[in-house]
Structures are given as C-alpha cells and as structure tokens.
$ cat my_file_35.cif   # mmCIF, C-alpha atoms
data_run
#
loop_
_atom_site.label_atom_id
_atom_site.label_comp_id
_atom_site.auth_asym_id
_atom_site.auth_seq_id
_atom_site.Cartn_x
_atom_site.Cartn_y
_atom_site.Cartn_z
CA MET A 27 -8.98 -2.26 25.46
CA THR A 28 -7.21 -3.35 28.62
CA ARG A 29 -5.07 -0.70 30.29
CA GLY A 30 -1.44 -1.28 29.37
CA HIS A 31 -2.28 -3.40 26.34
CA LYS A 32 -0.66 -2.32 23.10
CA VAL A 33 -3.46 -2.92 20.62
CA ALA A 34 -2.88 -2.11 16.96
CA VAL A 35 -5.01 -1.53 13.91
CA VAL A 36 -3.10 -2.07 10.68
CA PHE A 37 -4.61 -0.94 7.40
CA ASP A 38 -4.16 -1.78 3.77
CA LEU A 39 -3.91 1.46 1.80
CA ASP A 40 -5.20 1.35 -1.78
CA GLY A 41 -8.97 0.98 -1.80
CA THR A 42 -9.14 0.88 2.01
CA LEU A 43 -8.03 4.29 3.28
CA VAL A 44 -7.70 6.21 0.03
CA ASP A 45 -9.42 6.01 -3.31
CA THR A 46 -6.53 5.28 -5.65
CA MET A 47 -8.05 2.34 -7.47
CA THR A 48 -8.27 4.31 -10.71
CA SER A 49 -5.32 6.69 -10.41
CA ALA A 50 -2.63 4.24 -9.25
CA PRO A 51 -3.27 1.70 -12.04
CA GLN A 52 -3.11 4.56 -14.53
CA ALA A 53 0.42 5.37 -13.32
CA TYR A 54 1.43 1.81 -14.21
CA VAL A 55 -0.25 2.04 -17.62
CA ASP A 56 1.51 5.34 -18.36
CA THR A 57 4.87 4.00 -17.17
CA ILE A 58 4.63 0.75 -19.12
CA ARG A 59 3.67 2.66 -22.27
CA SER A 60 6.47 5.21 -21.82
CA LEU A 61 9.02 2.39 -21.40
CA GLY A 62 7.99 0.74 -24.67
CA GLY A 63 5.93 -2.00 -23.08
CA PRO A 64 2.67 -3.47 -24.30
CA GLU A 65 -0.65 -1.66 -24.27
CA VAL A 66 -2.31 -2.63 -20.99
CA SER A 67 -5.45 -1.44 -19.30
CA PRO A 68 -5.85 -0.32 -15.70
CA SER A 69 -7.95 -3.44 -15.03
CA GLU A 70 -5.12 -5.66 -16.31
CA VAL A 71 -2.78 -3.94 -13.86
CA VAL A 72 -5.18 -4.40 -10.94
CA ALA A 73 -5.57 -8.08 -11.83
CA VAL A 74 -1.87 -8.70 -11.14
CA TRP A 75 -1.27 -6.18 -8.34
CA HIS A 76 -1.10 -8.99 -5.81
CA ILE A 77 2.09 -10.44 -7.33
CA GLY A 78 4.29 -7.93 -5.55
CA PRO A 79 5.49 -4.34 -5.33
CA THR A 80 6.05 -1.93 -8.20
CA GLN A 81 9.24 -3.53 -9.51
CA VAL A 82 7.60 -6.96 -9.78
CA VAL A 83 4.49 -5.61 -11.53
CA LEU A 84 6.52 -3.55 -14.01
CA GLU A 85 8.83 -6.49 -14.75
CA HIS A 86 5.78 -8.69 -15.33
CA PHE A 87 4.43 -6.41 -18.05
CA LEU A 88 7.76 -5.32 -19.54
CA GLY A 89 9.19 -8.84 -19.62
CA ARG A 90 12.55 -7.66 -18.35
CA GLN A 91 14.31 -6.43 -15.24
CA ILE A 92 13.69 -2.79 -14.55
CA SER A 93 16.38 -0.22 -13.88
CA PRO A 94 16.51 2.58 -11.33
CA HIS A 95 15.64 4.92 -14.23
CA ASP A 96 12.48 2.85 -14.89
CA THR A 97 11.54 3.05 -11.21
CA ALA A 98 12.10 6.81 -11.20
CA ARG A 99 9.84 7.13 -14.24
CA PHE A 100 7.10 5.21 -12.43
CA HIS A 101 7.36 7.45 -9.36
CA HIS A 102 7.15 10.53 -11.60
CA HIS A 103 3.90 9.23 -13.15
CA PHE A 104 2.63 8.04 -9.77
CA ALA A 105 3.19 11.36 -7.99
CA ALA A 106 1.31 13.15 -10.75
CA VAL A 107 -1.76 10.90 -10.63
CA VAL A 108 -2.06 10.71 -6.82
CA ALA A 109 -1.40 14.40 -6.12
CA THR A 110 -5.08 14.99 -5.41
CA VAL A 111 -5.97 11.65 -3.82
CA GLN A 112 -8.42 11.89 -0.94
CA PRO A 113 -9.28 9.59 1.95
CA PHE A 114 -12.60 7.81 1.74
CA PRO A 115 -15.43 9.56 3.62
CA GLY A 116 -15.23 8.90 7.36
CA VAL A 117 -11.60 7.73 7.35
CA VAL A 118 -10.19 10.83 9.07
CA GLU A 119 -12.85 10.69 11.78
CA MET A 120 -12.20 6.98 12.32
CA LEU A 121 -8.44 7.50 12.58
CA ASP A 122 -8.97 10.39 15.01
CA ALA A 123 -11.15 8.17 17.21
CA LEU A 124 -8.71 5.25 17.11
CA SER A 125 -5.76 7.53 17.92
CA GLN A 126 -7.61 9.23 20.77
CA ASN A 127 -8.44 5.82 22.24
CA GLY A 128 -4.82 4.70 22.30
CA TYR A 129 -4.67 2.34 19.36
CA ARG A 130 -1.36 2.05 17.54
CA LEU A 131 -1.88 2.60 13.82
CA GLY A 132 0.10 1.19 10.94
CA VAL A 133 -0.10 0.51 7.23
CA PHE A 134 0.90 -2.64 5.38
CA THR A 135 0.43 -2.42 1.64
CA THR A 136 1.65 -4.28 -1.41
CA ALA A 137 2.72 -0.89 -2.81
CA THR A 138 6.31 0.14 -2.19
CA ARG A 139 6.94 2.13 0.96
CA ARG A 140 7.84 5.13 -1.23
CA ALA A 141 4.51 4.93 -3.09
CA ALA A 142 2.62 4.44 0.19
CA THR A 143 4.32 7.47 1.73
CA THR A 144 3.47 9.51 -1.37
CA MET A 145 -0.21 8.50 -1.10
CA LEU A 146 -0.38 9.11 2.65
CA THR A 147 1.22 12.52 2.29
CA ALA A 148 -0.97 13.57 -0.64
CA SER A 149 -4.12 12.51 1.21
CA GLY A 150 -3.15 14.20 4.49
CA LEU A 151 -3.03 10.89 6.39
CA ALA A 152 0.73 10.52 6.90
CA GLY A 153 0.67 11.85 10.47
CA TYR A 154 -1.59 9.04 11.67
CA PHE A 155 0.83 6.24 10.81
CA PRO A 156 4.18 6.00 12.58
CA VAL A 157 4.78 2.67 10.85
CA VAL A 158 4.39 2.03 7.12
CA VAL A 159 5.46 -1.31 5.67
CA GLY A 160 5.53 -1.67 1.90
CA GLY A 161 5.68 -4.71 -0.30
CA ASP A 162 9.33 -3.93 -0.92
CA ASP A 163 10.08 -4.33 2.80
CA VAL A 164 9.30 -8.07 2.76
CA SER A 165 10.32 -10.97 0.56
CA ARG A 166 6.89 -12.59 0.21
CA PRO A 167 3.83 -10.61 -0.97
CA LYS A 168 0.32 -10.91 0.43
CA PRO A 169 -1.33 -13.22 1.27
CA ALA A 170 1.85 -14.14 3.18
CA PRO A 171 1.61 -12.48 6.62
CA ASP A 172 5.23 -11.26 6.63
CA GLY A 173 4.45 -7.56 6.16
CA LEU A 174 1.71 -7.62 8.77
CA GLU A 175 4.10 -9.29 11.22
CA VAL A 176 6.81 -6.68 10.53
CA CYS A 177 4.29 -3.87 10.99
CA CYS A 178 3.13 -5.27 14.35
CA LEU A 179 6.72 -5.73 15.51
CA ARG A 180 7.53 -2.10 14.64
CA LEU A 181 4.36 -0.96 16.41
CA GLY A 182 5.44 -2.86 19.54
CA THR A 183 2.52 -5.26 19.59
CA GLY A 184 1.94 -8.91 18.83
CA VAL A 185 -0.08 -10.05 15.85
CA THR A 186 -2.70 -11.49 18.21
CA GLU A 187 -3.23 -7.97 19.54
CA ALA A 188 -3.79 -6.48 16.09
CA VAL A 189 -6.59 -6.15 13.58
CA TYR A 190 -5.89 -5.92 9.86
CA VAL A 191 -8.33 -3.93 7.75
CA GLY A 192 -8.33 -4.32 3.98
CA ASP A 193 -10.53 -4.44 0.92
CA ALA A 194 -9.43 -7.59 -0.91
CA ALA A 195 -9.39 -11.36 -0.44
CA VAL A 196 -5.57 -11.31 -0.09
CA ASP A 197 -5.96 -8.96 2.90
CA LEU A 198 -8.27 -11.43 4.61
CA GLN A 199 -5.91 -14.30 3.82
CA CYS A 200 -2.96 -12.25 5.11
CA ALA A 201 -4.69 -11.67 8.45
CA ASP A 202 -5.84 -15.27 8.84
#

$ encode --input "my_file_35.cif" --output "structure tokens"
Amino acid sequence: MTRGHKVAVVFDLDGTLVDTMTSAPQAYVDTIRSLGGPEVSPSEVVAVWHIGPTQVVLEHFLGRQISPHDTARFHHHFAAVVATVQPFPGVVEMLDALSQNGYRLGVFTTATRRAATTMLTASGLAGYFPVVVGGDDVSRPKPAPDGLEVCCLRLGTGVTEAVYVGDAAVDLQCAD
C-alpha cells in the first residue's frame, strides 16, 4: 500500500464473512409460510437470492406486493434465526490485520442494510465496517456494480483502489 493511498476491501456478507447460508434462508421460509405463501425450501430461496433485496424475494414467492407489516414479520423471523450467527474461522483475525494496516473496510450485500446490520451486530463484526451498503440502497442488484461503487464512494476511495471479496459468481461479476 502506498502511503496516502486510500485502499479499500469491500466484502459480501452472507457466506463470506458470516455463516448464514442456512439460517437466513430459513427466515424467508418461515416468513413466506406465515404470510400464507407457498411451501418453499431454503434451497429454493437461495436459488433466487440474487434477484434483489428482501422485498423483491418475498414478492417473488408471495406473488404480490409486500406491506410494511410483511417486512416487519420478516425482520422478526430474521433476528431470531441470526441471533447466534458467528463469523467464519479466521475472519476476525483477518479484519484486525486489514484494519491495523490502514485498509478501509466496507460491506456490500444483496441483503437489506437493516438485515446486514443485524447480522454484523449479532456476529460481533459491526465495528469493523463504517460503511454498509445493502441491496435496498441501490436500484440494480448484483451483478450490477452499483452497490460496490456506492460503497467505495462512501469509503472515500475509487473502485480501482478496491478489492471485492465474495463467495458467489455474482460477486465476481459485480467486481469485474
């Protein structure tokens, strides 16, 4: 890193920093069921996660627009299932090292910013990330780079001075 350079590392959240790949889909399943929607499996939810944030995914399965009450119900289910979420092994040590070496850290996730903040807080990682951009903060979901660009802007760095770390093909496409 060159002195004076503002270099950033932006992370995806689900499946990258924290292991929520079973608990988060279950929150959708529980919400869809409680709102009278069809029986869906966690794998069916994961298969369409890329289409957008919570509202878009719920509307996809419910076949209707969702209300603020529906969103509140999702967040109730979500908070319950992610209350004990943990970072993957080595994540805390990596974030400590990056922070100590002057990297600016951010999160860009397809999840809503509220869901991302809930996960980061539950996992003890919230303090590492001054910038969190959720899928509801941008109009186009991944693989569009919009959220990554917003995150870099808020971190005070250009996208060419940033690395994006994720666990899915859409993350790679987003960073391309």

$ residues_around --input "my_file_35.cif" --residues "stretch 141-144 of chain A" --least-positions-apart "4" --cutoff "9 Å" --atoms "only C-alpha atoms" --output "ChimeraX atom specification"
/A:39-40,80,101,104-105,108-109,133-137,148-149,152,158-160

$ resolve_selection --input "my_file_35.cif" --expression "the PyMOL selection byres ((chain A and resi 69) around 12)" --output "short mmCIF file (atom, residue, chain, number, x, y, z; two decimals) with C-alpha atoms, in the coordinates of the input"
data_model
loop_
_atom_site.label_atom_id
_atom_site.label_comp_id
_atom_site.auth_asym_id
_atom_site.auth_seq_id
_atom_site.Cartn_x
_atom_site.Cartn_y
_atom_site.Cartn_z
CA MET A 47 -8.05 2.34 -7.47
CA THR A 48 -8.27 4.31 -10.71
CA SER A 49 -5.32 6.69 -10.41
CA ALA A 50 -2.63 4.24 -9.25
CA PRO A 51 -3.27 1.70 -12.04
CA GLN A 52 -3.11 4.56 -14.53
CA TYR A 54 1.43 1.81 -14.21
CA VAL A 55 -0.25 2.04 -17.62
CA GLU A 65 -0.65 -1.66 -24.27
CA VAL A 66 -2.31 -2.63 -20.99
CA SER A 67 -5.45 -1.44 -19.30
CA PRO A 68 -5.85 -0.32 -15.70
CA GLU A 70 -5.12 -5.66 -16.31
CA VAL A 71 -2.78 -3.94 -13.86
CA VAL A 72 -5.18 -4.40 -10.94
CA ALA A 73 -5.57 -8.08 -11.83
CA VAL A 74 -1.87 -8.70 -11.14
CA TRP A 75 -1.27 -6.18 -8.34
#

$ residues_around --input "my_file_35.cif" --residues "stretch 116-130 of chain A" --least-positions-apart "6" --cutoff "8 Å" --atoms "all atoms listed in the file" --output "ChimeraX atom specification"
/A:32-35,43,151,154,181

$ closest_residue --input "my_file_35.cif" --among "A:Ala195, A:Cys178, A:Ala53, A:Met145" --to "A:Phe100" --atoms "all atoms listed in the file"
A:Ala53

$ residues_near_point --input "my_file_35.cif" --point "(2.1, -11.5, -2.7)" --cutoff "10 Å" --atoms "all atoms listed in the file" --output "JSON, numbers by chain"
{"A": [74, 75, 76, 77, 78, 79, 136, 161, 164, 165, 166, 167, 168, 169, 170, 171, 172, 173, 196, 200]}

$ write_last_selection --input "my_file_35.cif" --atoms "C-alpha atoms" --output "PDB file, in the coordinates of the input"
ATOM      1  CA  VAL A  74      -1.870  -8.700 -11.140  1.00  0.00           C
ATOM      2  CA  TRP A  75      -1.270  -6.180  -8.340  1.00  0.00           C
ATOM      3  CA  HIS A  76      -1.100  -8.990  -5.810  1.00  0.00           C
ATOM      4  CA  ILE A  77       2.090 -10.440  -7.330  1.00  0.00           C
ATOM      5  CA  GLY A  78       4.290  -7.930  -5.550  1.00  0.00           C
ATOM      6  CA  PRO A  79       5.490  -4.340  -5.330  1.00  0.00           C
ATOM      7  CA  THR A 136       1.650  -4.280  -1.410  1.00  0.00           C
ATOM      8  CA  GLY A 161       5.680  -4.710  -0.300  1.00  0.00           C
ATOM      9  CA  VAL A 164       9.300  -8.070   2.760  1.00  0.00           C
ATOM     10  CA  SER A 165      10.320 -10.970   0.560  1.00  0.00           C
ATOM     11  CA  ARG A 166       6.890 -12.590   0.210  1.00  0.00           C
ATOM     12  CA  PRO A 167       3.830 -10.610  -0.970  1.00  0.00           C
ATOM     13  CA  LYS A 168       0.320 -10.910   0.430  1.00  0.00           C
ATOM     14  CA  PRO A 169      -1.330 -13.220   1.270  1.00  0.00           C
ATOM     15  CA  ALA A 170       1.850 -14.140   3.180  1.00  0.00           C
ATOM     16  CA  PRO A 171       1.610 -12.480   6.620  1.00  0.00           C
ATOM     17  CA  ASP A 172       5.230 -11.260   6.630  1.00  0.00           C
ATOM     18  CA  GLY A 173       4.450  -7.560   6.160  1.00  0.00           C
ATOM     19  CA  VAL A 196      -5.570 -11.310  -0.090  1.00  0.00           C
ATOM     20  CA  CYS A 200      -2.960 -12.250   5.110  1.00  0.00           C
TER      21      CYS A 200
END

$ closest_residue --input "my_file_35.cif" --among "A:Pro115, A:Ala188, A:Asp162, A:Leu146" --to "A:Gln81" --atoms "all atoms listed in the file"
A:Asp162

$ atom_distance --input "my_file_35.cif" --atom1 "atom CA of A:Asp163" --atom2 "atom CA of A:Glu175"
11.5 Å

$ closest_residue --input "my_file_35.cif" --among "A:Val191, A:Ile92, A:Ala201, A:Val36" --to "A:Leu131" --atoms "all atoms listed in the file"
A:Val36

$ atom_distance --input "my_file_35.cif" --atom1 "atom CA of A:Gly62" --atom2 "atom CA of A:Thr46"
24.4 Å

$ atom_distance --input "my_file_35.cif" --atom1 "atom CA of A:Val111" --atom2 "atom CA of A:Pro94"
25.4 Å

$ residues_near_point --input "my_file_35.cif" --point "(3.6, -5.6, -24.7)" --cutoff "12 Å" --atoms "all atoms listed in the file" --output "list in words"
Val55, Ile58, Arg59, Ser60, Leu61, Gly62, Gly63, Pro64, Glu65, Val66, Ser67, Leu84, Glu85, His86, Phe87, Leu88, Gly89 and Arg90 of chain A

$ closest_residue --input "my_file_35.cif" --among "A:His102, A:Thr97, A:Asp202, A:Gly132" --to "A:Thr183" --atoms "all atoms listed in the file"
A:Gly132

$ decode --input "my_file_35.cif" --residues "stretch 40-82 of chain A" --atoms "N, CA and C atoms" --output "PDB file, in the first residue's frame"
ATOM      1  N   ASP A  40     -23.210 -12.570   3.506  1.00  0.00           N
ATOM      2  CA  ASP A  40     -23.697 -13.942   3.662  1.00  0.00           C
ATOM      3  C   ASP A  40     -22.770 -14.929   2.951  1.00  0.00           C
ATOM      4  N   GLY A  41     -22.257 -15.882   3.702  1.00  0.00           N
ATOM      5  CA  GLY A  41     -21.410 -16.904   3.101  1.00  0.00           C
ATOM      6  C   GLY A  41     -19.977 -16.465   2.896  1.00  0.00           C
ATOM      7  N   THR A  42     -19.673 -15.203   3.172  1.00  0.00           N
ATOM      8  CA  THR A  42     -18.305 -14.689   3.015  1.00  0.00           C
ATOM      9  C   THR A  42     -17.701 -14.376   4.374  1.00  0.00           C
ATOM     10  N   LEU A  43     -18.365 -13.538   5.147  1.00  0.00           N
ATOM     11  CA  LEU A  43     -17.891 -13.179   6.483  1.00  0.00           C
ATOM     12  C   LEU A  43     -18.556 -14.006   7.574  1.00  0.00           C
ATOM     13  N   VAL A  44     -19.828 -14.271   7.389  1.00  0.00           N
ATOM     14  CA  VAL A  44     -20.599 -15.000   8.399  1.00  0.00           C
ATOM     15  C   VAL A  44     -21.327 -16.174   7.763  1.00  0.00           C
ATOM     16  N   ASP A  45     -21.524 -17.187   8.566  1.00  0.00           N
ATOM     17  CA  ASP A  45     -22.183 -18.405   8.096  1.00  0.00           C
ATOM     18  C   ASP A  45     -23.682 -18.298   8.347  1.00  0.00           C
ATOM     19  N   THR A  46     -24.374 -17.693   7.389  1.00  0.00           N
ATOM     20  CA  THR A  46     -25.822 -17.536   7.498  1.00  0.00           C
ATOM     21  C   THR A  46     -26.541 -18.275   6.374  1.00  0.00           C
ATOM     22  N   MET A  47     -25.836 -19.105   5.665  1.00  0.00           N
ATOM     23  CA  MET A  47     -26.410 -19.723   4.476  1.00  0.00           C
ATOM     24  C   MET A  47     -27.499 -20.742   4.804  1.00  0.00           C
ATOM     25  N   THR A  48     -27.634 -21.130   6.045  1.00  0.00           N
ATOM     26  CA  THR A  48     -28.772 -21.978   6.419  1.00  0.00           C
ATOM     27  C   THR A  48     -29.805 -21.180   7.211  1.00  0.00           C
ATOM     28  N   SER A  49     -29.348 -20.297   8.098  1.00  0.00           N
ATOM     29  CA  SER A  49     -30.290 -19.569   8.945  1.00  0.00           C
ATOM     30  C   SER A  49     -31.051 -18.487   8.184  1.00  0.00           C
ATOM     31  N   ALA A  50     -30.392 -17.703   7.353  1.00  0.00           N
ATOM     32  CA  ALA A  50     -31.093 -16.632   6.639  1.00  0.00           C
ATOM     33  C   ALA A  50     -32.164 -17.175   5.693  1.00  0.00           C
ATOM     34  N   PRO A  51     -31.880 -18.207   4.887  1.00  0.00           N
ATOM     35  CA  PRO A  51     -32.960 -18.746   4.052  1.00  0.00           C
ATOM     36  C   PRO A  51     -34.143 -19.254   4.875  1.00  0.00           C
ATOM     37  N   GLN A  52     -33.865 -19.789   6.060  1.00  0.00           N
ATOM     38  CA  GLN A  52     -34.948 -20.276   6.909  1.00  0.00           C
ATOM     39  C   GLN A  52     -35.858 -19.129   7.343  1.00  0.00           C
ATOM     40  N   ALA A  53     -35.309 -17.944   7.543  1.00  0.00           N
ATOM     41  CA  ALA A  53     -36.142 -16.788   7.897  1.00  0.00           C
ATOM     42  C   ALA A  53     -37.116 -16.466   6.769  1.00  0.00           C
ATOM     43  N   TYR A  54     -36.660 -16.597   5.527  1.00  0.00           N
ATOM     44  CA  TYR A  54     -37.560 -16.383   4.389  1.00  0.00           C
ATOM     45  C   TYR A  54     -38.649 -17.454   4.360  1.00  0.00           C
ATOM     46  N   VAL A  55     -38.244 -18.709   4.530  1.00  0.00           N
ATOM     47  CA  VAL A  55     -39.207 -19.818   4.524  1.00  0.00           C
ATOM     48  C   VAL A  55     -40.279 -19.587   5.587  1.00  0.00           C
ATOM     49  N   ASP A  56     -39.841 -19.249   6.796  1.00  0.00           N
ATOM     50  CA  ASP A  56     -40.783 -19.024   7.897  1.00  0.00           C
ATOM     51  C   ASP A  56     -41.707 -17.840   7.619  1.00  0.00           C
ATOM     52  N   THR A  57     -41.149 -16.785   7.044  1.00  0.00           N
ATOM     53  CA  THR A  57     -41.952 -15.594   6.737  1.00  0.00           C
ATOM     54  C   THR A  57     -42.965 -15.894   5.646  1.00  0.00           C
ATOM     55  N   ILE A  58     -42.524 -16.525   4.582  1.00  0.00           N
ATOM     56  CA  ILE A  58     -43.426 -16.848   3.468  1.00  0.00           C
ATOM     57  C   ILE A  58     -44.572 -17.729   3.956  1.00  0.00           C
ATOM     58  N   ARG A  59     -44.245 -18.726   4.763  1.00  0.00           N
ATOM     59  CA  ARG A  59     -45.269 -19.617   5.310  1.00  0.00           C
ATOM     60  C   ARG A  59     -46.239 -18.845   6.201  1.00  0.00           C
ATOM     61  N   SER A  60     -45.702 -17.972   7.065  1.00  0.00           N
ATOM     62  CA  SER A  60     -46.565 -17.239   7.997  1.00  0.00           C
ATOM     63  C   SER A  60     -47.449 -16.206   7.294  1.00  0.00           C
ATOM     64  N   LEU A  61     -47.074 -15.820   6.079  1.00  0.00           N
ATOM     65  CA  LEU A  61     -47.874 -14.858   5.313  1.00  0.00           C
ATOM     66  C   LEU A  61     -48.804 -15.546   4.317  1.00  0.00           C
ATOM     67  N   GLY A  62     -48.941 -16.863   4.448  1.00  0.00           N
ATOM     68  CA  GLY A  62     -49.866 -17.606   3.602  1.00  0.00           C
ATOM     69  C   GLY A  62     -49.335 -17.947   2.226  1.00  0.00           C
ATOM     70  N   GLY A  63     -48.031 -17.833   2.055  1.00  0.00           N
ATOM     71  CA  GLY A  63     -47.420 -18.136   0.765  1.00  0.00           C
ATOM     72  C   GLY A  63     -47.230 -19.624   0.566  1.00  0.00           C
ATOM     73  N   PRO A  64     -46.627 -19.986  -0.556  1.00  0.00           N
ATOM     74  CA  PRO A  64     -46.421 -21.396  -0.870  1.00  0.00           C
ATOM     75  C   PRO A  64     -45.343 -22.030   0.011  1.00  0.00           C
ATOM     76  N   GLU A  65     -45.371 -23.337   0.083  1.00  0.00           N
ATOM     77  CA  GLU A  65     -44.311 -24.065   0.774  1.00  0.00           C
ATOM     78  C   GLU A  65     -43.051 -23.977  -0.097  1.00  0.00           C
ATOM     79  N   VAL A  66     -42.003 -23.402   0.445  1.00  0.00           N
ATOM     80  CA  VAL A  66     -40.725 -23.316  -0.264  1.00  0.00           C
ATOM     81  C   VAL A  66     -39.636 -23.852   0.634  1.00  0.00           C
ATOM     82  N   SER A  67     -38.560 -24.276   0.021  1.00  0.00           N
ATOM     83  CA  SER A  67     -37.427 -24.796   0.779  1.00  0.00           C
ATOM     84  C   SER A  67     -36.331 -23.736   0.861  1.00  0.00           C
ATOM     85  N   PRO A  68     -35.448 -23.870   1.828  1.00  0.00           N
ATOM     86  CA  PRO A  68     -34.318 -22.938   1.888  1.00  0.00           C
ATOM     87  C   PRO A  68     -33.511 -22.903   0.580  1.00  0.00           C
ATOM     88  N   SER A  69     -33.357 -24.040  -0.076  1.00  0.00           N
ATOM     89  CA  SER A  69     -32.582 -24.047  -1.322  1.00  0.00           C
ATOM     90  C   SER A  69     -33.306 -23.283  -2.431  1.00  0.00           C
ATOM     91  N   GLU A  70     -34.631 -23.307  -2.423  1.00  0.00           N
ATOM     92  CA  GLU A  70     -35.385 -22.518  -3.404  1.00  0.00           C
ATOM     93  C   GLU A  70     -35.190 -21.022  -3.157  1.00  0.00           C
ATOM     94  N   VAL A  71     -35.100 -20.641  -1.903  1.00  0.00           N
ATOM     95  CA  VAL A  71     -34.850 -19.239  -1.563  1.00  0.00           C
ATOM     96  C   VAL A  71     -33.460 -18.831  -2.036  1.00  0.00           C
ATOM     97  N   VAL A  72     -32.458 -19.632  -1.726  1.00  0.00           N
ATOM     98  CA  VAL A  72     -31.084 -19.314  -2.126  1.00  0.00           C
ATOM     99  C   VAL A  72     -30.971 -19.208  -3.648  1.00  0.00           C
ATOM    100  N   ALA A  73     -31.712 -20.026  -4.362  1.00  0.00           N
ATOM    101  CA  ALA A  73     -31.646 -20.016  -5.829  1.00  0.00           C
ATOM    102  C   ALA A  73     -32.101 -18.690  -6.432  1.00  0.00           C
ATOM    103  N   VAL A  74     -32.918 -17.927  -5.706  1.00  0.00           N
ATOM    104  CA  VAL A  74     -33.392 -16.649  -6.251  1.00  0.00           C
ATOM    105  C   VAL A  74     -32.889 -15.440  -5.458  1.00  0.00           C
ATOM    106  N   TRP A  75     -32.007 -15.656  -4.523  1.00  0.00           N
ATOM    107  CA  TRP A  75     -31.490 -14.562  -3.696  1.00  0.00           C
ATOM    108  C   TRP A  75     -30.948 -13.415  -4.531  1.00  0.00           C
ATOM    109  N   HIS A  76     -30.341 -13.742  -5.637  1.00  0.00           N
ATOM    110  CA  HIS A  76     -29.673 -12.747  -6.475  1.00  0.00           C
ATOM    111  C   HIS A  76     -30.633 -11.748  -7.125  1.00  0.00           C
ATOM    112  N   ILE A  77     -31.935 -11.997  -7.069  1.00  0.00           N
ATOM    113  CA  ILE A  77     -32.869 -11.114  -7.779  1.00  0.00           C
ATOM    114  C   ILE A  77     -33.051  -9.768  -7.083  1.00  0.00           C
ATOM    115  N   GLY A  78     -32.644  -9.672  -5.835  1.00  0.00           N
ATOM    116  CA  GLY A  78     -32.749  -8.393  -5.146  1.00  0.00           C
ATOM    117  C   GLY A  78     -32.885  -8.543  -3.647  1.00  0.00           C
ATOM    118  N   PRO A  79     -33.123  -7.428  -2.958  1.00  0.00           N
ATOM    119  CA  PRO A  79     -33.219  -7.462  -1.503  1.00  0.00           C
ATOM    120  C   PRO A  79     -34.500  -8.148  -1.023  1.00  0.00           C
ATOM    121  N   THR A  80     -34.676  -8.179   0.258  1.00  0.00           N
ATOM    122  CA  THR A  80     -35.766  -8.894   0.920  1.00  0.00           C
ATOM    123  C   THR A  80     -37.122  -8.662   0.276  1.00  0.00           C
ATOM    124  N   GLN A  81     -37.482  -7.427   0.042  1.00  0.00           N
ATOM    125  CA  GLN A  81     -38.795  -7.120  -0.524  1.00  0.00           C
ATOM    126  C   GLN A  81     -38.996  -7.842  -1.853  1.00  0.00           C
ATOM    127  N   VAL A  82     -37.992  -7.814  -2.708  1.00  0.00           N
ATOM    128  CA  VAL A  82     -38.097  -8.434  -4.034  1.00  0.00           C
ATOM    129  C   VAL A  82     -38.244  -9.954  -3.911  1.00  0.00           C
TER     130      VAL A  82
END
